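Asks: Structure file my_file_3.cif (mmCIF, C-alpha atoms) is given on the next line.
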data_run
#
loop_
_atom_site.label_atom_id
_atom_site.label_comp_id
_atom_site.auth_asym_id
_atom_site.auth_seq_id
_atom_site.Cartn_x
_atom_site.Cartn_y
_atom_site.Cartn_z
CA MET A 9 -43.89 9.84 13.02
CA LYS A 10 -40.49 8.22 12.85
CA LYS A 11 -39.39 6.74 9.60
CA HIS A 12 -37.50 3.49 9.97
CA VAL A 13 -34.58 3.16 7.62
CA LYS A 14 -33.46 -0.33 6.81
CA PRO A 15 -29.72 -0.60 7.49
CA ALA A 16 -27.59 -1.30 4.48
CA GLU A 17 -26.39 -4.86 4.26
CA GLU A 18 -22.69 -5.42 4.75
CA PRO A 19 -20.88 -6.43 1.58
CA SER A 20 -20.22 -10.14 1.43
CA VAL A 21 -16.69 -11.41 1.12
CA GLN A 22 -16.05 -14.84 -0.27
CA PHE A 23 -13.96 -16.89 2.12
CA GLN A 24 -12.05 -20.13 1.81
CA GLU A 25 -9.89 -22.12 4.22
CA THR A 26 -7.32 -24.54 2.84
CA THR A 27 -4.87 -27.10 4.17
CA PRO A 28 -1.99 -27.83 4.17
CA LEU A 29 -0.31 -24.51 4.88
CA ARG A 30 0.84 -22.64 1.77
CA TRP A 31 3.63 -20.37 2.92
CA PRO A 32 4.52 -17.40 0.65
CA ASP A 33 7.53 -17.99 -1.56
CA GLY A 34 10.62 -16.17 -0.39
CA GLN A 35 9.40 -15.50 3.16
CA GLU A 36 11.50 -17.11 5.87
CA ARG A 37 9.91 -19.20 8.61
CA THR A 38 10.39 -18.44 12.31
CA ARG A 39 12.55 -20.95 14.13
CA ILE A 40 10.51 -23.04 16.57
CA GLN A 41 12.50 -21.91 19.61
CA ASP A 42 12.07 -18.25 18.61
CA ARG A 43 8.27 -18.31 18.60
CA SER A 44 6.73 -16.39 21.48
CA GLU A 45 3.48 -16.43 23.45
CA LYS A 46 0.86 -13.69 23.44
CA HIS A 47 -1.43 -14.43 26.40
CA ILE A 48 -2.69 -10.85 26.36
CA TRP A 49 -4.69 -11.86 23.26
CA LYS A 50 -7.38 -13.90 25.03
CA ARG A 51 -10.03 -14.40 22.34
CA THR A 52 -10.82 -17.71 20.71
CA LEU A 53 -9.84 -18.70 17.19
CA ARG A 54 -13.45 -18.29 16.07
CA GLN A 55 -13.51 -14.74 17.41
CA TYR A 56 -10.24 -13.90 15.66
CA LEU A 57 -11.64 -15.33 12.43
CA GLU A 58 -14.59 -12.95 12.77
CA LEU A 59 -12.23 -10.02 13.35
CA LEU A 60 -10.30 -10.93 10.20
CA ASP A 61 -13.54 -11.15 8.23
CA ASN A 62 -14.50 -7.65 9.40
CA GLU A 63 -11.07 -6.34 8.45
CA MET A 64 -11.37 -7.86 4.98
CA LYS A 65 -14.64 -5.96 4.52
CA ARG A 66 -12.99 -2.71 5.62
CA MET A 67 -10.15 -3.39 3.18
CA LYS A 68 -12.84 -3.78 0.48
CA ALA A 69 -11.64 -7.28 -0.31
CA VAL A 70 -13.87 -9.33 -2.60
CA GLU A 71 -12.31 -12.65 -1.69
CA TYR A 72 -9.78 -14.08 0.74
CA MET A 73 -8.26 -17.40 1.68
CA ILE A 74 -6.76 -18.60 4.97
CA SER A 75 -4.13 -21.31 4.67
CA THR A 76 -3.09 -23.34 7.73
CA ASN A 77 -2.28 -26.89 8.79
CA ARG A 78 -5.46 -26.96 10.88
CA SER A 79 -7.95 -29.75 10.14
CA PRO A 80 -10.85 -31.51 11.90
CA GLU A 81 -8.44 -34.29 12.79
CA ASP A 82 -5.77 -31.85 14.00
CA PRO A 83 -7.41 -28.58 15.18
CA ASP A 84 -4.26 -27.50 17.05
CA PRO A 85 -1.37 -28.35 14.71
CA ARG A 86 2.25 -28.33 15.80
CA ASP A 87 2.94 -25.78 13.04
CA PRO A 88 0.90 -22.67 14.01
CA GLY A 89 1.75 -20.73 10.84
CA VAL A 90 -1.02 -18.85 9.02
CA ALA A 91 -1.08 -17.30 5.55
CA VAL A 92 -3.89 -15.04 4.34
CA TYR A 93 -4.32 -14.31 0.64
CA PHE A 94 -6.87 -11.80 -0.63
CA SER A 95 -8.10 -9.81 -3.63
CA ARG A 96 -9.51 -6.30 -3.68
CA LYS A 97 -10.90 -6.44 -7.20
CA ALA A 98 -13.01 -8.95 -9.07
CA LEU A 99 -11.18 -11.06 -11.60
CA ASP A 100 -12.07 -10.89 -15.29
CA ASN A 101 -12.12 -14.58 -16.14
CA TYR A 102 -13.73 -14.21 -19.56
CA GLY A 103 -12.09 -11.13 -21.09
CA TRP A 104 -10.14 -13.46 -23.37
CA GLN A 105 -13.23 -13.80 -25.57
CA GLU A 106 -13.02 -10.17 -26.69
CA ALA A 107 -9.21 -10.13 -26.64
CA PHE A 108 -8.91 -13.04 -29.07
CA GLY A 109 -12.19 -12.63 -31.00
CA PHE A 110 -13.85 -15.80 -29.72
CA ILE A 111 -17.25 -14.29 -28.89
CA GLY A 112 -19.72 -17.13 -28.35
CA VAL A 113 -17.20 -19.63 -29.74
CA VAL A 114 -15.63 -22.57 -27.95
CA PRO A 115 -12.02 -22.44 -29.17
CA THR A 116 -9.46 -25.22 -29.03
CA ALA A 117 -6.14 -24.86 -27.24
CA ASP A 118 -4.40 -24.63 -30.62
CA GLN A 119 -6.68 -21.78 -31.72
CA ILE A 120 -6.03 -19.91 -28.48
CA ASN A 121 -2.28 -20.29 -28.80
CA LYS A 122 -2.37 -19.20 -32.45
CA ALA A 123 -4.38 -16.07 -31.60
CA TYR A 124 -2.03 -15.36 -28.71
CA ARG A 125 1.10 -15.65 -30.87
CA THR A 126 -0.32 -13.10 -33.32
CA LEU A 127 -0.99 -10.53 -30.62
CA ALA A 128 2.19 -11.37 -28.71
CA ALA A 129 4.28 -10.57 -31.75
CA LYS A 130 2.60 -7.16 -31.94
CA TRP A 131 2.72 -6.19 -28.28
CA SER A 132 5.96 -7.87 -27.22
CA PRO A 133 8.45 -5.47 -25.58
CA ASP A 134 10.96 -6.75 -28.13
CA ASN A 135 8.92 -5.11 -30.90
CA GLN A 136 10.41 -1.63 -31.12
CA GLN A 137 7.54 -0.27 -33.23
CA THR A 138 4.37 -1.48 -31.50
CA GLY A 139 5.67 -3.09 -28.31
CA ASP A 140 3.59 -2.41 -25.20
CA PRO A 141 4.59 -4.28 -22.00
CA ALA A 142 1.23 -3.67 -20.29
CA ARG A 143 -0.77 -5.04 -23.22
CA PHE A 144 1.66 -7.93 -23.57
CA ARG A 145 1.11 -8.90 -19.93
CA ALA A 146 -2.66 -8.55 -20.39
CA ILE A 147 -2.90 -10.84 -23.40
CA THR A 148 -0.63 -13.36 -21.71
CA GLU A 149 -3.05 -13.42 -18.77
CA HIS A 150 -5.97 -13.75 -21.21
CA ARG A 151 -4.20 -16.70 -22.86
CA ASN A 152 -3.71 -18.41 -19.49
CA ARG A 153 -7.35 -17.94 -18.49
CA ALA A 154 -8.61 -19.11 -21.87
CA LEU A 155 -6.53 -22.29 -21.67
CA ASP A 156 -7.74 -22.87 -18.11
CA TRP A 157 -11.34 -22.58 -19.29
CA VAL A 158 -10.81 -24.96 -22.21
CA ASN A 159 -9.01 -27.47 -19.96
CA LYS A 160 -11.62 -27.08 -17.17
CA VAL A 161 -9.00 -25.88 -14.73
CA HIS A 162 -10.27 -23.52 -12.05
CA ARG A 163 -7.72 -21.19 -10.50
CA ARG A 164 -8.43 -19.02 -7.52
CA GLU A 165 -6.03 -16.10 -7.67
CA HIS A 166 -5.26 -13.41 -5.14
CA GLU A 167 -3.46 -10.09 -5.41
CA TYR A 168 -1.95 -10.10 -1.94
CA GLY A 169 -0.53 -12.51 0.60
CA ILE A 170 0.56 -12.02 4.22
CA ALA A 171 1.76 -14.69 6.65
CA CYS A 172 2.83 -15.02 10.28
CA ASP A 173 4.31 -17.78 12.44
CA ALA A 174 5.96 -15.63 15.12
CA PHE A 175 3.73 -16.98 17.89
CA THR A 176 3.17 -20.44 19.34
CA GLU A 177 -0.59 -20.55 18.70
CA LEU A 178 -2.40 -20.34 15.40
CA ARG A 179 -5.01 -17.88 16.74
CA TRP A 180 -2.30 -15.41 17.79
CA ASN A 181 -0.65 -15.53 14.37
CA LEU A 182 -4.02 -14.95 12.73
CA HIS A 183 -4.71 -11.95 14.95
CA SER A 184 -1.25 -10.54 14.21
CA ILE A 185 -2.11 -10.56 10.51
CA THR A 186 -5.46 -8.86 11.16
CA MET A 187 -3.84 -6.13 13.25
CA THR A 188 -1.13 -5.57 10.64
CA LEU A 189 -3.74 -5.06 7.93
CA GLY A 190 -5.66 -2.73 10.23
CA LYS A 191 -2.57 -0.58 10.79
CA LEU A 192 -1.99 -0.38 7.05
CA ARG A 193 -5.58 0.67 6.50
CA GLN A 194 -5.14 3.48 9.04
CA ILE A 195 -2.61 5.04 6.67
CA GLN A 196 -5.40 5.42 4.14
CA GLU A 197 -7.83 6.77 6.74
CA LEU A 198 -5.29 9.50 7.54
CA GLY A 199 -5.52 10.65 3.93
CA CYS A 200 -2.36 9.03 2.58
CA SER A 201 -3.95 6.75 -0.01
CA VAL A 202 -0.83 6.63 -2.18
CA MET A 203 1.31 5.55 0.77
CA PHE A 204 -1.31 2.95 1.68
CA GLU A 205 -1.19 1.42 -1.79
CA GLN A 206 2.61 1.47 -1.74
CA ALA A 207 2.69 -0.28 1.64
CA LEU A 208 0.13 -2.83 0.55
CA SER A 209 2.07 -3.59 -2.62
CA ALA A 210 4.76 -5.17 -0.44
CA PHE A 211 2.33 -8.03 0.11
CA THR A 212 1.57 -8.64 -3.56
CA LYS A 213 1.76 -12.34 -4.34
CA LYS A 214 1.36 -14.53 -7.38
CA ALA A 215 -1.81 -16.57 -7.70
CA LEU A 216 -2.35 -19.78 -5.79
CA THR A 217 -4.13 -22.71 -7.38
CA THR A 218 -6.84 -24.43 -5.41
CA GLY A 219 -7.19 -28.16 -5.29
CA ALA A 220 -4.74 -29.23 -2.61
CA GLY A 221 -6.12 -30.06 0.81
CA ASN A 222 -9.55 -29.39 2.25
CA ALA A 223 -11.52 -26.24 1.61
CA THR A 224 -14.69 -24.71 3.04
CA THR A 225 -16.41 -21.67 1.56
CA ARG A 226 -18.75 -19.11 3.09
CA THR A 227 -20.21 -15.81 1.89
#
Let me see the file written as structure tokens.

Replies:
Amino acid sequence: MKKHVKPAEEPSVQFQETTPLRWPDGQERTRIQDRSEKHIWKRTLRQYLELLDNEMKRMKAVEYMISTNRSPEDPDPRDPGVAVYFSRKALDNYGWQEAFGFIGVVPTADQINKAYRTLAAKWSPDNQQTGDPARFRAITEHRNRALDWVNKVHRREHEYGIACDAFTELRWNLHSITMTLGKLRQIQELGCSVMFEQALSAFTKKALTTGAGNATTRT
């Protein structure tokens, strides 16, 4: 008698698409006349979106965002650039409660800043006795998240960002990003995890704030 084993469900990855295009700071754009065609890549945009979603799961991303100039009114924008931002670890949005001693308390902005100044003085790199740069960065992040919570500001942050506008069609640029991430992941599959993390760190980006343009979310 065969025993049927229920296949494990694929991990869900939170996805968001935003407009207008948010190009990574410091990365140059491709001149319009230098963009090329890639007719060998024959799949539709929807199919390339599915391939990217699969790659995000293989990368163990927990969340990613695609930024383009595409919209229902303009599904094929003149600017075909694409930027993909993603995170591979869940964000601790509420660790500030323990860090500043506000367990179960709704603090004011002044109370948060006062608690931060006390800890900042202790952990600041300028303090030659107790200075700790890592802890200083951590409490600064806690302060920022605490103030966001008090002010009802929601920030969606991502560890990494990668963009492409080398091709004349948005779908080709999206697929180029997916293939690049896949090649990076192959480094890890070959047993070079340290090299993989080093290569991936080149795409580390500061957080983006949601709120501009249209967004759709799926899980």

Asks: Here is a test: counting only C-alpha atoms, which residue of A:Glu25, A:Glu58, A:Glu106, A:Asp33 is nearest to A:Ile74?

Replies: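 Answer, going by the shortest atom-to-atom distance: A:Glu25.
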
Asks: Using only C-alpha atoms, can you tell me which of A:Val90, A:Ala69, A:Leu29, A:Leu192 comes closest to A:Ala207?

Replies: A:Leu192

Asks: Starting from the PyMOL selection byres ((chain A and resi 78) around 9), expand the selection into actual residues of this file and give them as number ranges by chain.

Replies: A: 26-29, 75-77, 79-85, 87-88, 178

Asks: Please compute the atom CA of A:Ile40-atom CA of A:Thr188 distance, one decimal, in Å.

Replies: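 Answer for the atom CA of A:Ile40 to atom CA of A:Thr188 separation: 21.8 Å.
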
Asks: Calculate how many Å separate atom CA of A:Trp49 from atom CA of A:Ser184, rounding to one decimal.

Replies: 9.8 Å

Asks: Going by the chain IDs and residue numbers used in this file, which residues fall under the PyMOL selection byres ((chain A and resi 194) around 12)? Write them as a list of chain:residue names.

Replies: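 Selected by the PyMOL selection byres ((chain A and resi 194) around 12) in this file: A:Glu63, A:Arg66, A:Met67, A:Met187, A:Thr188, A:Leu189, A:Gly190, A:Lys191, A:Leu192, A:Arg193, A:Ile195, A:Gln196, A:Glu197, A:Leu198, A:Gly199, A:Cys200, A:Ser201, A:Met203, A:Phe204, A:Glu205, A:Ala207, A:Leu208.
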
Asks: Report, as AutoDock Vina command-line options, the axis-aligned box around all atoms of stretch 56-71 of chain A present in the file, extended by 3 Å on each side; give centre and edge lengths in Å to one decimal place.

Replies:
--center_x -12.4 --center_y -9.0 --center_z 6.5 --size_x 10.5 --size_y 18.6 --size_z 24.3

Asks: Name the residues that the PyMOL selection byres ((chain A and resi 31) around 10) picks from the file above, as a list in words, using the file's chain letters and numbers.

Replies: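 Applying the PyMOL selection byres ((chain A and resi 31) around 10) to the structure shown produces Pro28, Leu29, Arg30, Pro32, Asp33, Gly34, Gln35, Glu36, Arg37, Ser75, Thr76, Gly89, Val90, Ala91, Val92, Gly169, Ile170, Ala171, Cys172 and Asp173 of chain A.
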
Asks: Residues within 12 Å of (-2.5, -6.8, -22.5), file coordinates, counting only C-alpha atoms: what are they? Give the list as a ChimeraX atom specification.

Replies: /A:103-104,106-108,124,127-128,130-133,139-151

Asks: Find the distance between atom CA of A:Lys50 and atom CA of A:Ala174 and write it in Å to one decimal.

Replies: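 So the answer is 16.7 Å.
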
Asks: A:His47, A:Ala129, A:Asp61, A:Phe110: which is nearest A:Ala154, counting all atoms listed in the file?

Replies: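 Smallest distance to A:Ala154 is found for A:Phe110.
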
Asks: Taking all atoms listed in the file into account, which of A:Lys122, A:Arg96, A:His183, A:Arg86 comes nearest A:Leu155?

Replies: A:Lys122

Asks: Counting only C-alpha atoms, figure out which residue out of A:Thr52, A:Thr38, A:Thr138, A:Asn121 gets nearest to A:Arg179.

Replies: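 Between A:Thr52, A:Thr38, A:Thr138, A:Asn121, the residue approaching A:Arg179 most closely is A:Thr52.
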
Asks: Can you sort out stretch 175-196 of chain A so it carries N, CA and C atoms, written as a PDB file, in the coordinates of the input?

Replies:
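Result file selection.pdb:
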ATOM      1  N   PHE A 175       4.266 -16.598  16.597  1.00  0.00           N
ATOM      2  CA  PHE A 175       3.730 -16.980  17.890  1.00  0.00           C
ATOM      3  C   PHE A 175       3.439 -18.486  17.943  1.00  0.00           C
ATOM      4  N   THR A 176       3.284 -18.998  19.148  1.00  0.00           N
ATOM      5  CA  THR A 176       3.170 -20.440  19.340  1.00  0.00           C
ATOM      6  C   THR A 176       1.773 -20.986  19.077  1.00  0.00           C
ATOM      7  N   GLU A 177       0.774 -20.102  18.966  1.00  0.00           N
ATOM      8  CA  GLU A 177      -0.590 -20.550  18.700  1.00  0.00           C
ATOM      9  C   GLU A 177      -1.110 -19.942  17.415  1.00  0.00           C
ATOM     10  N   LEU A 178      -1.860 -20.753  16.691  1.00  0.00           N
ATOM     11  CA  LEU A 178      -2.400 -20.340  15.400  1.00  0.00           C
ATOM     12  C   LEU A 178      -3.264 -19.095  15.544  1.00  0.00           C
ATOM     13  N   ARG A 179      -4.092 -19.019  16.573  1.00  0.00           N
ATOM     14  CA  ARG A 179      -5.010 -17.880  16.740  1.00  0.00           C
ATOM     15  C   ARG A 179      -4.246 -16.573  16.914  1.00  0.00           C
ATOM     16  N   TRP A 180      -3.099 -16.625  17.588  1.00  0.00           N
ATOM     17  CA  TRP A 180      -2.300 -15.410  17.790  1.00  0.00           C
ATOM     18  C   TRP A 180      -1.676 -14.953  16.470  1.00  0.00           C
ATOM     19  N   ASN A 181      -1.217 -15.899  15.665  1.00  0.00           N
ATOM     20  CA  ASN A 181      -0.650 -15.530  14.370  1.00  0.00           C
ATOM     21  C   ASN A 181      -1.722 -14.927  13.461  1.00  0.00           C
ATOM     22  N   LEU A 182      -2.924 -15.484  13.531  1.00  0.00           N
ATOM     23  CA  LEU A 182      -4.020 -14.950  12.730  1.00  0.00           C
ATOM     24  C   LEU A 182      -4.349 -13.521  13.164  1.00  0.00           C
ATOM     25  N   HIS A 183      -4.389 -13.287  14.456  1.00  0.00           N
ATOM     26  CA  HIS A 183      -4.710 -11.950  14.950  1.00  0.00           C
ATOM     27  C   HIS A 183      -3.601 -10.960  14.594  1.00  0.00           C
ATOM     28  N   SER A 184      -2.360 -11.403  14.600  1.00  0.00           N
ATOM     29  CA  SER A 184      -1.250 -10.540  14.210  1.00  0.00           C
ATOM     30  C   SER A 184      -1.431 -10.050  12.780  1.00  0.00           C
ATOM     31  N   ILE A 185      -1.863 -10.941  11.896  1.00  0.00           N
ATOM     32  CA  ILE A 185      -2.110 -10.560  10.510  1.00  0.00           C
ATOM     33  C   ILE A 185      -3.239  -9.540  10.425  1.00  0.00           C
ATOM     34  N   THR A 186      -4.322  -9.784  11.169  1.00  0.00           N
ATOM     35  CA  THR A 186      -5.460  -8.860  11.160  1.00  0.00           C
ATOM     36  C   THR A 186      -5.045  -7.476  11.636  1.00  0.00           C
ATOM     37  N   MET A 187      -4.271  -7.420  12.719  1.00  0.00           N
ATOM     38  CA  MET A 187      -3.840  -6.130  13.250  1.00  0.00           C
ATOM     39  C   MET A 187      -2.899  -5.415  12.291  1.00  0.00           C
ATOM     40  N   THR A 188      -2.040  -6.171  11.618  1.00  0.00           N
ATOM     41  CA  THR A 188      -1.130  -5.570  10.640  1.00  0.00           C
ATOM     42  C   THR A 188      -1.905  -4.919   9.510  1.00  0.00           C
ATOM     43  N   LEU A 189      -2.918  -5.622   8.998  1.00  0.00           N
ATOM     44  CA  LEU A 189      -3.740  -5.060   7.930  1.00  0.00           C
ATOM     45  C   LEU A 189      -4.497  -3.834   8.412  1.00  0.00           C
ATOM     46  N   GLY A 190      -4.955  -3.874   9.671  1.00  0.00           N
ATOM     47  CA  GLY A 190      -5.660  -2.730  10.230  1.00  0.00           C
ATOM     48  C   GLY A 190      -4.766  -1.499  10.322  1.00  0.00           C
ATOM     49  N   LYS A 191      -3.509  -1.703  10.715  1.00  0.00           N
ATOM     50  CA  LYS A 191      -2.570  -0.580  10.790  1.00  0.00           C
ATOM     51  C   LYS A 191      -2.295  -0.003   9.408  1.00  0.00           C
ATOM     52  N   LEU A 192      -2.196  -0.870   8.413  1.00  0.00           N
ATOM     53  CA  LEU A 192      -1.990  -0.380   7.050  1.00  0.00           C
ATOM     54  C   LEU A 192      -3.191   0.447   6.587  1.00  0.00           C
ATOM     55  N   ARG A 193      -4.371  -0.036   6.914  1.00  0.00           N
ATOM     56  CA  ARG A 193      -5.580   0.670   6.500  1.00  0.00           C
ATOM     57  C   ARG A 193      -5.670   2.047   7.159  1.00  0.00           C
ATOM     58  N   GLN A 194      -5.123   2.188   8.366  1.00  0.00           N
ATOM     59  CA  GLN A 194      -5.140   3.480   9.040  1.00  0.00           C
ATOM     60  C   GLN A 194      -4.357   4.535   8.265  1.00  0.00           C
ATOM     61  N   ILE A 195      -3.355   4.090   7.514  1.00  0.00           N
ATOM     62  CA  ILE A 195      -2.610   5.040   6.670  1.00  0.00           C
ATOM     63  C   ILE A 195      -3.551   5.689   5.679  1.00  0.00           C
ATOM     64  N   GLN A 196      -4.434   4.888   5.099  1.00  0.00           N
ATOM     65  CA  GLN A 196      -5.400   5.420   4.140  1.00  0.00           C
ATOM     66  C   GLN A 196      -6.405   6.337   4.826  1.00  0.00           C
TER      67      GLN A 196
END
